[in-house]
Amino acid sequence: MEAEGLSYLRHVVQLAPSILSADFTRLGEVISMLNRSEADWIHCDVMDGRFVPNISFGLPVIQAVRQIATKPLDVHLMIVEPEKYLRDFADLGVDILTVHVEACPHLHRVVQEIRQLGLQAGVALNPHTPIQLLSDIIHEVDLVCLMAVNPGFGGQAFIKHTYEKLTELRELIVRKEAKAKIEIDGGVDLSNAATLAAKGADILVAGNSIFSSKDPMQAIRLLKRTAHTISA
Ligand code: DX5
Ligand code: ZN
């Protein structure tokens, strides 16, 4: 227990703003702001209107973002049959590619393919999907994205049961001596960032809480400070 506590002393939480909530008429300015900000990654939500009830953006927009972004692109695929598009995203130069467990009957193969393409492989879990499903793949993935809302839309309320799942996931990672990072996606704001950090989240995704702010750059700074208050 003590060793685990000490490891949290060195725990630095990273922030991945989700551009889903950004003003798309000014996407270039948004990316420039993120380049200058304390954001660590840029989270890009790809939705197909089939896996989730919404359509967002796809390859051409991410290609444009890649051309100006100076930070890693964390691409969250909320699409069916993601295996069809892995190479296309890799060719654009994205860094992290996350697929949904619920969309992949052959998840192990998909994870292998992402890694063979030279990218970090992430797997995302919907709020109802149990952590135990990761038991036989946790040592093969670079990132687990725990959805704290039902995917499809920005600006939804954080589901509090995520705290229990986060603890369970952290225990699984420790037990299996795995290296996967934990990302929390959905409803992250100043009211929950510190608790998520203290419970072992490595990356926080935040859309609405950043881009609905009058000063998104300051909102990023505040969220990072808040997350570090407890974890540092
Ligand atoms: C939800 C997306 C999230 C979303 C987060 O389907 O995966 O990344 O943009 O946005 P907020 O922080 O507004 O919940
Ligand atoms: Zn996302």
# chains A, B, ... in the order shown; residues from 1 in each chain; ligands from 1
$ residues_around --residues "A:Asp189" --least-positions-apart "2" --cutoff "10 Å" --atoms "only C-alpha atoms" --output "VMD selection string"
chain A and resid 157 to 158 186 to 187 191 to 194 204 to 210 219 222 to 223 226 to 227
$ select_by_dssp --residues "stretch 32-114 of chain A" --states "alpha helix (DSSP H)" --output "mmCIF file with N, CA, C and O atoms, in the first residue's frame"
data_model
loop_
_atom_site.group_PDB
_atom_site.id
_atom_site.type_symbol
_atom_site.label_atom_id
_atom_site.label_comp_id
_atom_site.auth_asym_id
_atom_site.auth_seq_id
_atom_site.Cartn_x
_atom_site.Cartn_y
_atom_site.Cartn_z
ATOM 1 N N SER A 32 -3.798 26.341 -32.821
ATOM 2 C CA SER A 32 -2.667 27.207 -32.438
ATOM 3 C C SER A 32 -2.699 27.496 -30.952
ATOM 4 O O SER A 32 -1.655 27.500 -30.279
ATOM 5 N N MET A 33 -3.902 27.745 -30.419
ATOM 6 C CA MET A 33 -4.036 27.992 -28.974
ATOM 7 C C MET A 33 -3.588 26.755 -28.190
ATOM 8 O O MET A 33 -2.848 26.860 -27.209
ATOM 9 N N LEU A 34 -4.029 25.565 -28.659
ATOM 10 C CA LEU A 34 -3.646 24.332 -27.951
ATOM 11 C C LEU A 34 -2.128 24.126 -28.012
ATOM 12 O O LEU A 34 -1.517 23.667 -27.047
ATOM 13 N N ASN A 35 -1.519 24.495 -29.145
ATOM 14 C CA ASN A 35 -0.054 24.392 -29.255
ATOM 15 C C ASN A 35 0.638 25.238 -28.190
ATOM 16 O O ASN A 35 1.651 24.840 -27.618
ATOM 17 N N ARG A 36 0.079 26.424 -27.944
ATOM 18 C CA ARG A 36 0.693 27.349 -26.970
ATOM 19 C C ARG A 36 0.322 27.018 -25.533
ATOM 20 O O ARG A 36 0.960 27.496 -24.601
ATOM 21 N N LEU A 59 -11.177 11.649 -41.510
ATOM 22 C CA LEU A 59 -9.790 11.751 -41.962
ATOM 23 C C LEU A 59 -9.373 13.138 -42.465
ATOM 24 O O LEU A 59 -8.305 13.627 -42.080
ATOM 25 N N PRO A 60 -10.170 13.822 -43.310
ATOM 26 C CA PRO A 60 -9.685 15.112 -43.831
ATOM 27 C C PRO A 60 -9.476 16.166 -42.743
ATOM 28 O O PRO A 60 -8.525 16.959 -42.815
ATOM 29 N N VAL A 61 -10.344 16.156 -41.742
ATOM 30 C CA VAL A 61 -10.195 17.142 -40.662
ATOM 31 C C VAL A 61 -8.957 16.813 -39.825
ATOM 32 O O VAL A 61 -8.165 17.698 -39.469
ATOM 33 N N ILE A 62 -8.767 15.533 -39.568
ATOM 34 C CA ILE A 62 -7.585 15.153 -38.779
ATOM 35 C C ILE A 62 -6.300 15.431 -39.555
ATOM 36 O O ILE A 62 -5.294 15.853 -38.987
ATOM 37 N N GLN A 63 -6.369 15.271 -40.853
ATOM 38 C CA GLN A 63 -5.193 15.609 -41.682
ATOM 39 C C GLN A 63 -4.846 17.101 -41.544
ATOM 40 O O GLN A 63 -3.682 17.477 -41.401
ATOM 41 N N ALA A 64 -5.891 17.933 -41.541
ATOM 42 C CA ALA A 64 -5.668 19.382 -41.399
ATOM 43 C C ALA A 64 -5.126 19.708 -40.007
ATOM 44 O O ALA A 64 -4.188 20.511 -39.860
ATOM 45 N N VAL A 65 -5.688 19.077 -39.012
ATOM 46 C CA VAL A 65 -5.219 19.306 -37.631
ATOM 47 C C VAL A 65 -3.755 18.899 -37.517
ATOM 48 O O VAL A 65 -2.933 19.610 -36.929
ATOM 49 N N ARG A 66 -3.427 17.743 -38.099
ATOM 50 C CA ARG A 66 -2.048 17.238 -38.012
ATOM 51 C C ARG A 66 -1.038 18.225 -38.603
ATOM 52 O O ARG A 66 0.087 18.362 -38.113
ATOM 53 N N GLN A 67 -1.488 18.929 -39.653
ATOM 54 C CA GLN A 67 -0.562 19.852 -40.321
ATOM 55 C C GLN A 67 -0.153 21.017 -39.429
ATOM 56 O O GLN A 67 0.929 21.562 -39.584
ATOM 57 N N ILE A 68 -1.010 21.394 -38.493
ATOM 58 C CA ILE A 68 -0.642 22.540 -37.642
ATOM 59 C C ILE A 68 -0.372 22.174 -36.189
ATOM 60 O O ILE A 68 0.290 22.921 -35.477
ATOM 61 N N LEU A 86 -7.385 1.696 -39.876
ATOM 62 C CA LEU A 86 -6.197 1.899 -39.039
ATOM 63 C C LEU A 86 -5.038 2.488 -39.837
ATOM 64 O O LEU A 86 -4.384 3.445 -39.416
ATOM 65 N N ARG A 87 -4.800 1.927 -41.014
ATOM 66 C CA ARG A 87 -3.664 2.403 -41.809
ATOM 67 C C ARG A 87 -3.878 3.848 -42.276
ATOM 68 O O ARG A 87 -2.941 4.650 -42.310
ATOM 69 N N ASP A 88 -5.117 4.168 -42.622
ATOM 70 C CA ASP A 88 -5.413 5.539 -43.074
ATOM 71 C C ASP A 88 -5.059 6.558 -41.981
ATOM 72 O O ASP A 88 -4.470 7.597 -42.254
ATOM 73 N N PHE A 89 -5.432 6.227 -40.745
ATOM 74 C CA PHE A 89 -5.103 7.152 -39.647
ATOM 75 C C PHE A 89 -3.601 7.169 -39.387
ATOM 76 O O PHE A 89 -3.020 8.231 -39.137
ATOM 77 N N ALA A 90 -2.981 6.016 -39.450
ATOM 78 C CA ALA A 90 -1.533 5.952 -39.233
ATOM 79 C C ALA A 90 -0.805 6.794 -40.283
ATOM 80 O O ALA A 90 0.138 7.530 -39.961
ATOM 81 N N ASP A 91 -1.260 6.721 -41.517
ATOM 82 C CA ASP A 91 -0.615 7.479 -42.597
ATOM 83 C C ASP A 91 -0.709 8.988 -42.377
ATOM 84 O O ASP A 91 0.101 9.757 -42.903
ATOM 85 N N LEU A 92 -1.699 9.419 -41.627
ATOM 86 C CA LEU A 92 -1.836 10.858 -41.352
ATOM 87 C C LEU A 92 -0.846 11.325 -40.290
ATOM 88 O O LEU A 92 -0.672 12.522 -40.074
ATOM 89 N N LEU A 107 -10.573 -8.009 -30.867
ATOM 90 C CA LEU A 107 -9.836 -6.874 -30.295
ATOM 91 C C LEU A 107 -8.323 -7.104 -30.277
ATOM 92 O O LEU A 107 -7.550 -6.196 -30.567
ATOM 93 N N HIS A 108 -7.922 -8.324 -29.950
ATOM 94 C CA HIS A 108 -6.488 -8.608 -29.861
ATOM 95 C C HIS A 108 -5.802 -8.326 -31.193
ATOM 96 O O HIS A 108 -4.746 -7.685 -31.252
ATOM 97 N N ARG A 109 -6.436 -8.761 -32.279
ATOM 98 C CA ARG A 109 -5.852 -8.547 -33.602
ATOM 99 C C ARG A 109 -5.769 -7.049 -33.924
ATOM 100 O O ARG A 109 -4.764 -6.571 -34.454
ATOM 101 N N VAL A 110 -6.801 -6.326 -33.582
ATOM 102 C CA VAL A 110 -6.826 -4.879 -33.872
ATOM 103 C C VAL A 110 -5.721 -4.157 -33.094
ATOM 104 O O VAL A 110 -4.998 -3.316 -33.641
ATOM 105 N N VAL A 111 -5.562 -4.537 -31.838
ATOM 106 C CA VAL A 111 -4.518 -3.914 -31.013
ATOM 107 C C VAL A 111 -3.131 -4.204 -31.603
ATOM 108 O O VAL A 111 -2.273 -3.314 -31.704
ATOM 109 N N GLN A 112 -2.927 -5.458 -32.020
ATOM 110 C CA GLN A 112 -1.646 -5.819 -32.649
ATOM 111 C C GLN A 112 -1.393 -4.970 -33.889
ATOM 112 O O GLN A 112 -0.288 -4.494 -34.126
ATOM 113 N N GLU A 113 -2.438 -4.803 -34.690
ATOM 114 C CA GLU A 113 -2.269 -4.055 -35.946
ATOM 115 C C GLU A 113 -1.917 -2.592 -35.672
ATOM 116 O O GLU A 113 -1.078 -2.015 -36.353
ATOM 117 N N ILE A 114 -2.563 -2.012 -34.668
ATOM 118 C CA ILE A 114 -2.260 -0.606 -34.343
ATOM 119 C C ILE A 114 -0.788 -0.480 -33.944
ATOM 120 O O ILE A 114 -0.074 0.418 -34.385
#
$ closest_atom_pairs --of "chain A" --to "ligand 1" --cutoff "7 Å" --atoms "only C-alpha atoms and all ligand atoms" --output "JSON lines"
{"residue": "A:Ser18", "atom": "CA", "partner": "ligand 1", "partner_atom_place_in_ligand_line": "9 (O)", "distance": 5.0}
{"residue": "A:Ile19", "atom": "CA", "partner": "ligand 1", "partner_atom_place_in_ligand_line": "9 (O)", "distance": 6.9}
{"residue": "A:Leu20", "atom": "CA", "partner": "ligand 1", "partner_atom_place_in_ligand_line": "9 (O)", "distance": 5.0}
{"residue": "A:Ser21", "atom": "CA", "partner": "ligand 1", "partner_atom_place_in_ligand_line": "9 (O)", "distance": 6.4}
{"residue": "A:His43", "atom": "CA", "partner": "ligand 1", "partner_atom_place_in_ligand_line": "8 (O)", "distance": 6.8}
{"residue": "A:Asp45", "atom": "CA", "partner": "ligand 1", "partner_atom_place_in_ligand_line": "7 (O)", "distance": 5.6}
{"residue": "A:His76", "atom": "CA", "partner": "ligand 1", "partner_atom_place_in_ligand_line": "7 (O)", "distance": 6.7}
{"residue": "A:Val149", "atom": "CA", "partner": "ligand 1", "partner_atom_place_in_ligand_line": "1 (C)", "distance": 6.8}
{"residue": "A:Asn150", "atom": "CA", "partner": "ligand 1", "partner_atom_place_in_ligand_line": "6 (O)", "distance": 6.4}
{"residue": "A:Pro151", "atom": "CA", "partner": "ligand 1", "partner_atom_place_in_ligand_line": "6 (O)", "distance": 3.2}
{"residue": "A:Gly152", "atom": "CA", "partner": "ligand 1", "partner_atom_place_in_ligand_line": "6 (O)", "distance": 3.8}
{"residue": "A:Phe153", "atom": "CA", "partner": "ligand 1", "partner_atom_place_in_ligand_line": "6 (O)", "distance": 4.7}
{"residue": "A:Gly154", "atom": "CA", "partner": "ligand 1", "partner_atom_place_in_ligand_line": "13 (O)", "distance": 3.6}
{"residue": "A:Gly155", "atom": "CA", "partner": "ligand 1", "partner_atom_place_in_ligand_line": "13 (O)", "distance": 3.6}
{"residue": "A:Gln156", "atom": "CA", "partner": "ligand 1", "partner_atom_place_in_ligand_line": "14 (O)", "distance": 5.2}
{"residue": "A:Asp185", "atom": "CA", "partner": "ligand 1", "partner_atom_place_in_ligand_line": "8 (O)", "distance": 5.4}
{"residue": "A:Gly186", "atom": "CA", "partner": "ligand 1", "partner_atom_place_in_ligand_line": "14 (O)", "distance": 3.5}
{"residue": "A:Gly187", "atom": "CA", "partner": "ligand 1", "partner_atom_place_in_ligand_line": "14 (O)", "distance": 3.8}
{"residue": "A:Val188", "atom": "CA", "partner": "ligand 1", "partner_atom_place_in_ligand_line": "12 (O)", "distance": 5.3}
{"residue": "A:Val205", "atom": "CA", "partner": "ligand 1", "partner_atom_place_in_ligand_line": "8 (O)", "distance": 6.2}
{"residue": "A:Ala206", "atom": "CA", "partner": "ligand 1", "partner_atom_place_in_ligand_line": "12 (O)", "distance": 3.8}
{"residue": "A:Gly207", "atom": "CA", "partner": "ligand 1", "partner_atom_place_in_ligand_line": "12 (O)", "distance": 3.6}
{"residue": "A:Asn208", "atom": "CA", "partner": "ligand 1", "partner_atom_place_in_ligand_line": "13 (O)", "distance": 3.6}
{"residue": "A:Ser209", "atom": "CA", "partner": "ligand 1", "partner_atom_place_in_ligand_line": "12 (O)", "distance": 6.0}
$ write_last_selection --atoms "C-alpha atoms" --output "tab-separated table (two decimals), in the first residue's frame"
chain	number	residue	atom	x	y	z
A	18	SER	CA	-11.24	17.33	-27.00
A	19	ILE	CA	-11.77	19.52	-30.04
A	20	LEU	CA	-15.31	18.17	-30.44
A	21	SER	CA	-16.57	21.16	-28.44
A	43	HIS	CA	-8.08	14.49	-28.43
A	45	ASP	CA	-13.37	12.24	-31.55
A	76	HIS	CA	-10.74	8.17	-30.36
A	149	VAL	CA	-20.41	9.38	-20.33
A	150	ASN	CA	-22.17	7.42	-23.06
A	151	PRO	CA	-20.13	8.26	-26.14
A	152	GLY	CA	-21.60	10.40	-28.89
A	153	PHE	CA	-21.84	13.92	-27.54
A	154	GLY	CA	-19.84	16.49	-25.64
A	155	GLY	CA	-21.17	18.33	-22.62
A	156	GLN	CA	-22.80	15.40	-20.79
A	185	ASP	CA	-13.18	10.70	-21.16
A	186	GLY	CA	-16.45	12.57	-20.63
A	187	GLY	CA	-17.76	15.14	-18.18
A	188	VAL	CA	-14.33	16.00	-16.80
A	205	VAL	CA	-9.93	14.35	-21.67
A	206	ALA	CA	-12.01	17.51	-21.44
A	207	GLY	CA	-14.14	19.19	-24.09
A	208	ASN	CA	-17.02	21.24	-22.85
A	209	SER	CA	-15.37	22.40	-19.63
$ closest_residue --among "A:Asn126, A:Thr70, A:Thr25, A:Thr229" --to "ligand 2" --atoms "only C-alpha atoms and all ligand atoms"
A:Asn126
$ select_by_dssp --residues "stretch 153-184 of chain A" --states "strand (DSSP E or B)" --output "PyMOL selection string"
chain A and resi 181-184
$ write_last_selection --atoms "all heavy atoms" --output "PDB file, in the first residue's frame"
ATOM      1  N   LYS A 181      -1.726   3.075 -19.639  1.00  0.00           N
ATOM      2  CA  LYS A 181      -2.133   4.328 -19.000  1.00  0.00           C
ATOM      3  C   LYS A 181      -3.657   4.391 -18.967  1.00  0.00           C
ATOM      4  O   LYS A 181      -4.326   3.807 -19.815  1.00  0.00           O
ATOM      5  CB  LYS A 181      -1.585   5.513 -19.789  1.00  0.00           C
ATOM      6  CG  LYS A 181      -0.088   5.628 -19.659  1.00  0.00           C
ATOM      7  CD  LYS A 181       0.425   6.900 -20.279  1.00  0.00           C
ATOM      8  CE  LYS A 181       1.895   7.073 -19.921  1.00  0.00           C
ATOM      9  NZ  LYS A 181       2.517   8.141 -20.660  1.00  0.00           N
ATOM     10  N   ILE A 182      -4.163   5.131 -17.997  1.00  0.00           N
ATOM     11  CA  ILE A 182      -5.619   5.253 -17.856  1.00  0.00           C
ATOM     12  C   ILE A 182      -6.056   6.650 -18.268  1.00  0.00           C
ATOM     13  O   ILE A 182      -5.563   7.655 -17.736  1.00  0.00           O
ATOM     14  CB  ILE A 182      -6.057   5.005 -16.399  1.00  0.00           C
ATOM     15  CG1 ILE A 182      -5.604   3.617 -15.938  1.00  0.00           C
ATOM     16  CG2 ILE A 182      -7.568   5.165 -16.277  1.00  0.00           C
ATOM     17  CD1 ILE A 182      -5.935   3.314 -14.480  1.00  0.00           C
ATOM     18  N   GLU A 183      -6.975   6.673 -19.212  1.00  0.00           N
ATOM     19  CA  GLU A 183      -7.540   7.946 -19.673  1.00  0.00           C
ATOM     20  C   GLU A 183      -9.022   7.983 -19.289  1.00  0.00           C
ATOM     21  O   GLU A 183      -9.727   6.984 -19.424  1.00  0.00           O
ATOM     22  CB  GLU A 183      -7.391   8.023 -21.193  1.00  0.00           C
ATOM     23  CG  GLU A 183      -7.961   9.277 -21.833  1.00  0.00           C
ATOM     24  CD  GLU A 183      -7.692   9.298 -23.347  1.00  0.00           C
ATOM     25  OE1 GLU A 183      -8.339   8.527 -24.091  1.00  0.00           O
ATOM     26  OE2 GLU A 183      -6.836  10.088 -23.783  1.00  0.00           O
ATOM     27  N   ILE A 184      -9.476   9.129 -18.818  1.00  0.00           N
ATOM     28  CA  ILE A 184     -10.892   9.302 -18.483  1.00  0.00           C
ATOM     29  C   ILE A 184     -11.489  10.294 -19.473  1.00  0.00           C
ATOM     30  O   ILE A 184     -10.944  11.389 -19.669  1.00  0.00           O
ATOM     31  CB  ILE A 184     -11.074   9.847 -17.041  1.00  0.00           C
ATOM     32  CG1 ILE A 184     -10.321   8.976 -16.029  1.00  0.00           C
ATOM     33  CG2 ILE A 184     -12.564   9.941 -16.696  1.00  0.00           C
ATOM     34  CD1 ILE A 184     -10.860   7.584 -15.845  1.00  0.00           C
TER      35      ILE A 184
END
$ residues_around --residues "A:Phe51" --least-positions-apart "6" --cutoff "8 Å" --atoms "only C-alpha atoms" --output "list in words"
Met78, Ile79, Val80 and Ala103 of chain A
$ write_last_selection --atoms "all heavy atoms" --output "mmCIF file, in the first residue's frame"
data_model
loop_
_atom_site.group_PDB
_atom_site.id
_atom_site.type_symbol
_atom_site.label_atom_id
_atom_site.label_comp_id
_atom_site.auth_asym_id
_atom_site.auth_seq_id
_atom_site.Cartn_x
_atom_site.Cartn_y
_atom_site.Cartn_z
ATOM 1 N N MET A 78 -14.931 6.201 -32.509
ATOM 2 C CA MET A 78 -16.256 5.701 -32.106
ATOM 3 C C MET A 78 -16.968 5.268 -33.376
ATOM 4 O O MET A 78 -17.947 5.873 -33.828
ATOM 5 C CB MET A 78 -17.018 6.806 -31.360
ATOM 6 C CG MET A 78 -16.501 6.997 -29.945
ATOM 7 S SD MET A 78 -16.969 8.581 -29.255
ATOM 8 C CE MET A 78 -15.661 9.600 -29.925
ATOM 9 N N ILE A 79 -16.411 4.202 -33.985
ATOM 10 C CA ILE A 79 -16.902 3.736 -35.281
ATOM 11 C C ILE A 79 -16.967 2.213 -35.264
ATOM 12 O O ILE A 79 -16.223 1.562 -34.523
ATOM 13 C CB ILE A 79 -15.993 4.196 -36.449
ATOM 14 C CG1 ILE A 79 -14.581 3.603 -36.355
ATOM 15 C CG2 ILE A 79 -15.886 5.723 -36.468
ATOM 16 C CD1 ILE A 79 -13.694 3.935 -37.553
ATOM 17 N N VAL A 80 -17.873 1.665 -36.085
ATOM 18 C CA VAL A 80 -17.884 0.211 -36.257
ATOM 19 C C VAL A 80 -16.753 -0.170 -37.225
ATOM 20 O O VAL A 80 -16.279 0.660 -38.004
ATOM 21 C CB VAL A 80 -19.253 -0.288 -36.796
ATOM 22 C CG1 VAL A 80 -20.364 0.008 -35.798
ATOM 23 C CG2 VAL A 80 -19.567 0.315 -38.159
ATOM 24 N N ALA A 103 -16.851 -2.521 -30.202
ATOM 25 C CA ALA A 103 -16.889 -2.499 -31.671
ATOM 26 C C ALA A 103 -15.937 -3.518 -32.289
ATOM 27 O O ALA A 103 -15.823 -3.587 -33.513
ATOM 28 C CB ALA A 103 -16.536 -1.090 -32.177
#
